[in-house]
Amino acid sequence: MAFGPHLLLATLEGLVTAAVLALTALGLSLVFGVMRIVNVAHGEFFMLGAVVAWFVANAIGAHPALGFVAALIVSPVVVGIVALVAERLVLRRLNYDPEATIVATIGLLYVLQQLALTFYGPDARPVAAPFSVRISLPWFGYSGYKLAVIAASLAVLAATWFLLARTRIGLVMRATQYDRETAQAFAIPVDRVYAGVFAMGAMLAGLAAVLIVPISQAHYLMGLDPLLLSFIVVIIGGLGSLTGTVIAALVIGLGDGIISAFFQPTLAKMIATLLVALVLVFRPQGLFGTTAR
Amino acid sequence: MSAPPLVETKGLSRSFGGLKAVDNVDFALPPGEVRALIGPNGAGKTTFVSLICGRLEPSSGTIAFDGKDITDLPAHRRVRQGIAYTFQITSVFANLTAYDNVALAAQRVHEDRHRRSERVLRRSILDALERTGLADRAAQQAKHLAYGHQRLLEVAMGLALQPRLLILDEPTQGLSDGEIDNFVGLVKEIARKATVLLIEHNMDCVMRLADSITVMEAGRILAEGAPAAIRADARVQRAYLGTAA
Amino acid sequence: MSAAAAPKVWLLHLAVIGLLAALQFLLPDYHHGVVAKVMVLAVFAIGYNLLFGYTGLLSLGHAMFFAAGLYGTGLAIQHLGWSAPLALLAGVVVGALLALVIGLLALRTTGVAFMIVTMMFAQVLYLTILYFSRWTMGDQGFVLPQGVRAVDLAGLRLDLTDPATRYWCALSLFAVALFASLAVVRSRYGRVLIAIRENEERTRMLGYDTFSSKLLAVVASGTISAAAGASYALLFGYVGASFASIQYSILPLLWVLLGGAATTLGPLAGTLFMQYAVDIASGFTSAWLLLVGLALILLVLFFPRGMLGTLRERWLGWLP
């Protein structure tokens, strides 16, 4: 393939990565923005979404589309419930202390990961895509499903934006993010907002995983990469900023796609991680966020 | 004034986003004086003294201490030059005893002066505790002290630093009348050897202690002068909405 | 104030060392090797505790210091042909230098950002080790030839592959680290670190240069961890990338939390307990990391002071 079409292919692949990454990172960003905690187990919610999707699709033996749609509904709900339980039992008791939360979520990471290992096993297993249409471009055929993933992600991002910017729930969330004490004084049930946000963050990750699982397989260790990439996105884009997260996801997703097509992945990851660490050192508010109150 | 000022600021300003907390302040404090800094809430008093002791960096302007420019000097170096600050919002070591709190202050001074004797160190710690009336509470953990006593612990730590300039930020908050009386006596005694810059809302205290008063409002100096003159100043009375004494 | 407790403290620590020495003769072969390994890893935990327990800085990247020592020593032997003592020194020096650089960068951040930055720097080192797998043998790692793992000391040849010699070396290293940490913690510098942990701004406003103190703590912590890594290479002969992975950044945190942060003997207690807990769990399931996860959650929820920390709080207030 000539360079041009190769680049186009890499770009499309990058967009798919960016689409999924945007949803995952958004979940992490919302949780930090509103609750001011870092959830290290975020990647495991992602993995959980994929694994549950496999169980559901496998249980519904009929047409793959049915299985997929069922997974699309069931997976995020299951992940959300797990997140709520964790939030109630652990995070709330810690009073959302930043350091303690990180340690606890590291523990949660291992618990979820190893439970997946125990009940799902060490193998990577595929889930069938709901449809397999190929779009014929002049230079190559491209999976219609992948394009659908991009569209779906855009839809969810738009819905989330709408929720945050235009609904009362979103207003309540933003108020709690801005000033917790004042929000309490206005009779906003901060505890419930926190529970809801934490569940929502997890569900976004779970949903993203369901979208990606027909493309890449479900594996019990698949949570680590999205976690690190989400971290990078959120740090670059600015913690708590929706626009920043989306733009950063785009940049990193595309960058990852293009660089992976031309360079060795390990080197790329190395340089990316180093650059992001340096950004955090010298410009803690990221590129779009405002300095924390 | 024959002696050069101990603290001098020129055009000192500090902004937070759009808000000018300290606005172009020229200030001079001669050595040996007890200066009260008063003004309504939000006038910029704490911000101003935070700039002097180095907790905050100025947006513009200069600060000089004992004739030397300290504008770029980091906070811990200013403390070693002789500026001590007691926090407005109590900031002691909650889990350490009162004794250990003061010890941290005294130890640093002790080391700076290359003294080795444990006995001398112990004496200076107990001395600071006695002068602030905390000697019988020395073994108590700071977090178990009453609020007013925590404020006194702040003062004790400031004393143990043996400073040339002691900045007291609302030290009598939470103290009973009797304790305030003791406190006034303490400051008068401190003022014999050190310069004192006192932020206070308790006007009785101010009138008893201050050699002169600086009034701040909205980040600027509104008036400066002898206590009686300030008391009578119409602008000051207006700034406080009619209450000056 | 605690001068009166000093003899008790020293006796306790000497007793612990004495007990470990006695175990040399009492333990069956398998446990012999495990305890030797635990002592070396406990040194890693002591290094971590200095920064986390006493200074209050939670690093999620300490694997990089252990790995710096491990690979510094391992590569010096494997590719430069250095002798064991020289290679040990190399590992320690590499670790110290890395700690200095990381400290200068990471200390510009605090709290959560510090955790993330240290985690990322460690990840970069891990990826670097994988990238240069031509020399580092990547994930697989390499084994140091037995012949090199020996020290010639005044005519005597100490074969580090011999279990008894290995145990004595591990014990010596541990003893040095233990007493060094005890000395630091009871010194004025130690009290400054604790003050920084309790209230950094207050400490600064008492005239202490908190940045320098913290930087020194990072370097000391990193150097001790590197010494553990370097010793591990010499005593156990295996150098592999897994020691640079995030798991080896989480483990010292777990050991210290479990044993009791800000206690001198906590690191040993935590490492010993977890080593055996994991050993037993691995007998039942390959998902033994589940135990690590549960332990972390339970510790942080109900037992934040750990074993020796709780002991100190309830009964033995003089425990350092």
# chains A, B, ... in the order shown; residues from 1 in each chain; ligands from 1

call {"tool": "residues_around", "arguments": {"residues": "range 111-114 of chain B", "least_positions_apart": "4", "cutoff": "12 Å", "atoms": "only C-alpha atoms", "output": "VMD selection string"}}
result
(chain B and resid 77 79 to 82 103 to 107 118 120 to 121 161 to 162) or (chain C and resid 188 to 189 207 to 208)

call {"tool": "write_last_selection", "arguments": {"atoms": "N, CA and C atoms", "output": "JSON list (two decimals), in the first residue's frame"}}
result
[["chain", "number", "residue", "atom", "x", "y", "z"],
["B", 77, "ARG", "N", 14.40, 30.81, 54.42],
["B", 77, "ARG", "CA", 15.59, 31.64, 54.65],
["B", 77, "ARG", "C", 15.20, 32.91, 55.38],
["B", 79, "VAL", "N", 12.84, 33.15, 57.54],
["B", 79, "VAL", "CA", 12.66, 32.78, 58.95],
["B", 79, "VAL", "C", 14.01, 32.76, 59.64],
["B", 80, "ARG", "N", 15.01, 32.26, 58.94],
["B", 80, "ARG", "CA", 16.35, 32.22, 59.53],
["B", 80, "ARG", "C", 16.97, 33.60, 59.67],
["B", 81, "GLN", "N", 16.49, 34.54, 58.86],
["B", 81, "GLN", "CA", 16.97, 35.92, 59.00],
["B", 81, "GLN", "C", 16.36, 36.58, 60.22],
["B", 82, "GLY", "N", 15.24, 36.03, 60.71],
["B", 82, "GLY", "CA", 14.67, 36.58, 61.94],
["B", 82, "GLY", "C", 13.21, 36.96, 61.87],
["B", 103, "ALA", "N", 9.91, 22.41, 70.61],
["B", 103, "ALA", "CA", 11.26, 21.87, 70.42],
["B", 103, "ALA", "C", 11.71, 22.00, 68.98],
["B", 104, "LEU", "N", 10.80, 21.75, 68.03],
["B", 104, "LEU", "CA", 11.18, 21.85, 66.62],
["B", 104, "LEU", "C", 11.64, 23.26, 66.28],
["B", 105, "ALA", "N", 10.97, 24.25, 66.88],
["B", 105, "ALA", "CA", 11.37, 25.63, 66.62],
["B", 105, "ALA", "C", 12.71, 25.93, 67.28],
["B", 106, "ALA", "N", 12.80, 25.58, 68.57],
["B", 106, "ALA", "CA", 14.00, 25.90, 69.33],
["B", 106, "ALA", "C", 15.22, 25.18, 68.79],
["B", 107, "GLN", "N", 15.02, 23.92, 68.37],
["B", 107, "GLN", "CA", 16.11, 23.09, 67.86],
["B", 107, "GLN", "C", 16.78, 23.75, 66.66],
["B", 118, "GLU", "N", 22.30, 20.15, 75.40],
["B", 118, "GLU", "CA", 20.90, 19.73, 75.50],
["B", 118, "GLU", "C", 20.18, 20.52, 76.57],
["B", 120, "VAL", "N", 20.71, 23.63, 77.59],
["B", 120, "VAL", "CA", 20.35, 24.98, 77.14],
["B", 120, "VAL", "C", 19.12, 24.91, 76.24],
["B", 121, "LEU", "N", 19.10, 23.90, 75.38],
["B", 121, "LEU", "CA", 17.96, 23.71, 74.48],
["B", 121, "LEU", "C", 16.68, 23.51, 75.29],
["B", 161, "LEU", "N", 11.69, 30.80, 68.32],
["B", 161, "LEU", "CA", 12.53, 31.12, 67.17],
["B", 161, "LEU", "C", 13.42, 32.33, 67.45],
["B", 162, "GLN", "N", 13.16, 32.99, 68.61],
["B", 162, "GLN", "CA", 13.93, 34.19, 68.98],
["B", 162, "GLN", "C", 14.06, 35.15, 67.80],
["C", 188, "ARG", "N", 18.02, 14.22, 64.72],
["C", 188, "ARG", "CA", 17.30, 15.47, 64.48],
["C", 188, "ARG", "C", 16.72, 15.49, 63.09],
["C", 189, "TYR", "N", 17.49, 14.96, 62.12],
["C", 189, "TYR", "CA", 17.00, 14.91, 60.75],
["C", 189, "TYR", "C", 15.72, 14.10, 60.68],
["C", 207, "GLY", "N", 11.77, 27.68, 59.58],
["C", 207, "GLY", "CA", 13.11, 27.94, 59.06],
["C", 207, "GLY", "C", 13.81, 26.72, 58.47],
["C", 208, "TYR", "N", 13.11, 25.60, 58.36],
["C", 208, "TYR", "CA", 13.73, 24.42, 57.79],
["C", 208, "TYR", "C", 13.62, 24.42, 56.27]]

call {"tool": "interface_residues", "arguments": {"of": "chain C", "to": "chain A", "cutoff": "7 Å", "atoms": "only C-alpha atoms", "output": "ChimeraX atom specification"}}
result
/C:105-106,108-109,112,117,120-121,124,127-128,131,287,289-290,292-294,296-297,300-301

call {"tool": "write_last_selection", "arguments": {"atoms": "C-alpha atoms", "output": "short mmCIF file (atom, residue, chain, number, x, y, z; two decimals), in the first residue's frame"}}
result
data_model
loop_
_atom_site.label_atom_id
_atom_site.label_comp_id
_atom_site.auth_asym_id
_atom_site.auth_seq_id
_atom_site.Cartn_x
_atom_site.Cartn_y
_atom_site.Cartn_z
CA LEU C 105 11.87 16.20 39.18
CA ALA C 106 9.19 14.51 41.23
CA ARG C 108 8.11 19.56 42.26
CA THR C 109 4.78 17.80 42.71
CA VAL C 112 -1.62 12.53 44.05
CA VAL C 117 4.69 10.92 38.43
CA MET C 120 5.17 6.92 35.34
CA PHE C 121 8.91 7.29 35.75
CA VAL C 124 9.50 4.40 31.67
CA LEU C 127 9.78 -0.08 29.19
CA THR C 128 13.41 0.90 28.70
CA TYR C 131 13.24 -2.05 24.75
CA ALA C 287 -4.73 -15.97 41.69
CA LEU C 289 -2.55 -11.57 43.91
CA LEU C 290 -6.14 -11.54 45.07
CA VAL C 292 -2.56 -8.77 47.93
CA GLY C 293 -5.61 -6.84 46.80
CA LEU C 294 -7.77 -7.83 49.74
CA LEU C 296 -4.52 -3.63 50.83
CA ILE C 297 -8.22 -2.85 51.09
CA VAL C 300 -6.39 0.79 54.63
CA LEU C 301 -9.95 0.47 55.92
#

call {"tool": "select_by_dssp", "arguments": {"residues": "range 21-224 of chain B", "states": "strand (DSSP E)", "output": "short mmCIF file (atom, residue, chain, number, x, y, z; two decimals) with C-alpha atoms, in the first residue's frame"}}
result
data_model
loop_
_atom_site.label_atom_id
_atom_site.label_comp_id
_atom_site.auth_asym_id
_atom_site.auth_seq_id
_atom_site.Cartn_x
_atom_site.Cartn_y
_atom_site.Cartn_z
CA ALA B 21 -5.68 41.28 47.42
CA VAL B 22 -2.76 43.61 48.09
CA ASP B 23 -2.62 46.73 45.95
CA ASN B 24 0.60 48.71 45.61
CA VAL B 25 1.45 48.95 49.28
CA ASP B 26 4.29 51.12 50.58
CA PHE B 27 4.96 50.19 54.17
CA ALA B 28 7.72 50.86 56.67
CA LEU B 29 8.11 49.41 60.16
CA VAL B 34 4.65 47.36 68.18
CA ARG B 35 2.58 47.97 65.07
CA ALA B 36 -1.03 46.89 64.85
CA LEU B 37 -2.46 46.06 61.46
CA ILE B 38 -6.22 46.41 61.44
CA SER B 60 5.02 42.92 41.90
CA GLY B 61 6.93 45.19 44.26
CA THR B 62 9.83 44.73 46.65
CA ILE B 63 10.34 43.81 50.28
CA ALA B 64 13.37 44.73 52.34
CA PHE B 65 14.30 43.39 55.76
CA LYS B 68 18.46 43.93 52.52
CA ASP B 69 16.20 43.02 49.63
CA ILE B 83 11.06 36.77 60.76
CA ALA B 84 8.57 34.58 62.61
CA TYR B 85 4.92 34.15 61.68
CA THR B 86 2.10 32.70 63.73
CA LEU B 165 10.28 40.46 63.82
CA LEU B 166 7.34 38.56 65.26
CA ILE B 167 4.20 38.63 63.14
CA LEU B 168 1.10 37.67 65.13
CA ASP B 169 -2.00 36.93 63.05
CA THR B 195 9.64 44.20 66.75
CA VAL B 196 6.02 43.10 66.66
CA LEU B 197 3.53 43.28 63.81
CA LEU B 198 0.11 42.41 65.15
CA ILE B 199 -3.05 41.69 63.18
CA SER B 212 1.17 52.89 66.05
CA ILE B 213 -1.54 51.50 63.81
CA THR B 214 -1.82 50.77 60.10
CA VAL B 215 -5.33 50.47 58.71
CA MET B 216 -5.91 48.45 55.56
CA GLU B 217 -8.96 48.33 53.35
CA ARG B 220 -4.55 49.37 50.30
CA ILE B 221 -3.37 51.33 53.32
CA LEU B 222 -6.22 53.55 54.37
CA ALA B 223 -4.55 55.35 57.27
CA GLU B 224 -1.49 55.16 59.47
#

call {"tool": "residues_around", "arguments": {"residues": "Gly56 in chain C", "least_positions_apart": "4", "cutoff": "9 Å", "atoms": "only C-alpha atoms", "output": "PyMOL selection string"}}
result
chain C and resi 50-52+193-194+196-198

call {"tool": "write_last_selection", "arguments": {"atoms": "N, CA and C atoms", "output": "PDB file, in the first residue's frame"}}
result
ATOM      1  N   LEU C  50      11.256   4.736  54.791  1.00  0.00           N
ATOM      2  CA  LEU C  50      11.888   6.015  55.099  1.00  0.00           C
ATOM      3  C   LEU C  50      11.156   7.155  54.399  1.00  0.00           C
ATOM      4  N   LEU C  51      10.775   6.921  53.155  1.00  0.00           N
ATOM      5  CA  LEU C  51      10.109   7.966  52.394  1.00  0.00           C
ATOM      6  C   LEU C  51       8.609   8.020  52.692  1.00  0.00           C
ATOM      7  N   PHE C  52       7.990   6.854  52.786  1.00  0.00           N
ATOM      8  CA  PHE C  52       6.543   6.803  52.963  1.00  0.00           C
ATOM      9  C   PHE C  52       6.145   6.980  54.425  1.00  0.00           C
ATOM     10  N   LEU C 193      11.993  15.177  59.302  1.00  0.00           N
ATOM     11  CA  LEU C 193      11.193  14.445  58.317  1.00  0.00           C
ATOM     12  C   LEU C 193       9.778  14.217  58.831  1.00  0.00           C
ATOM     13  N   ILE C 194       9.685  13.813  60.093  1.00  0.00           N
ATOM     14  CA  ILE C 194       8.367  13.584  60.673  1.00  0.00           C
ATOM     15  C   ILE C 194       7.572  14.888  60.705  1.00  0.00           C
ATOM     16  N   ILE C 196       7.867  17.339  58.635  1.00  0.00           N
ATOM     17  CA  ILE C 196       7.445  17.595  57.258  1.00  0.00           C
ATOM     18  C   ILE C 196       6.222  16.766  56.934  1.00  0.00           C
ATOM     19  N   ARG C 197       6.226  15.531  57.392  1.00  0.00           N
ATOM     20  CA  ARG C 197       5.078  14.664  57.143  1.00  0.00           C
ATOM     21  C   ARG C 197       3.827  15.215  57.824  1.00  0.00           C
ATOM     22  N   GLU C 198       3.991  15.714  59.043  1.00  0.00           N
ATOM     23  CA  GLU C 198       2.847  16.182  59.811  1.00  0.00           C
ATOM     24  C   GLU C 198       2.318  17.514  59.294  1.00  0.00           C
TER      25      GLU C 198
END

call {"tool": "residues_around", "arguments": {"residues": "range 146-157 of chain A", "least_positions_apart": "4", "cutoff": "8 Å", "atoms": "only C-alpha atoms", "output": "count of residues only"}}
result
12

call {"tool": "closest_residue", "arguments": {"among": "A:Val233, A:Ala41, A:Val31, A:Val127", "to": "Thr176 in chain A", "atoms": "only C-alpha atoms"}}
result
A:Val31

call {"tool": "interface_residues", "arguments": {"of": "chain C", "to": "chain B", "cutoff": "8 Å", "atoms": "only C-alpha atoms", "output": "JSON, numbers by chain"}}
result
{"C": [192, 195, 198, 199, 202, 204, 205, 206, 207, 208, 209]}

call {"tool": "select_by_dssp", "arguments": {"residues": "range 31-122 of chain B", "states": "alpha helix (DSSP H)", "output": "ChimeraX atom specification"}}
result
/B:45-53,75-81,98-112,118-122

call {"tool": "closest_residue", "arguments": {"among": "C:Met39, C:Met119, C:Leu171, C:Ala45", "to": "Ala22 in chain C", "atoms": "only C-alpha atoms"}}
result
C:Leu171

call {"tool": "atom_distance", "arguments": {"atom1": "CA of Ser212 in chain C", "atom2": "CA of Gly190 in chain C"}}
result
13.3 Å

call {"tool": "atom_distance", "arguments": {"atom1": "CA of Glu189 in chain B", "atom2": "CA of Pro40 in chain B"}}
result
27.9 Å

call {"tool": "closest_residue", "arguments": {"among": "B:Arg115, B:Arg164, B:His149, B:Lys10", "to": "Glu179 in chain B", "atoms": "only C-alpha atoms"}}
result
B:His149
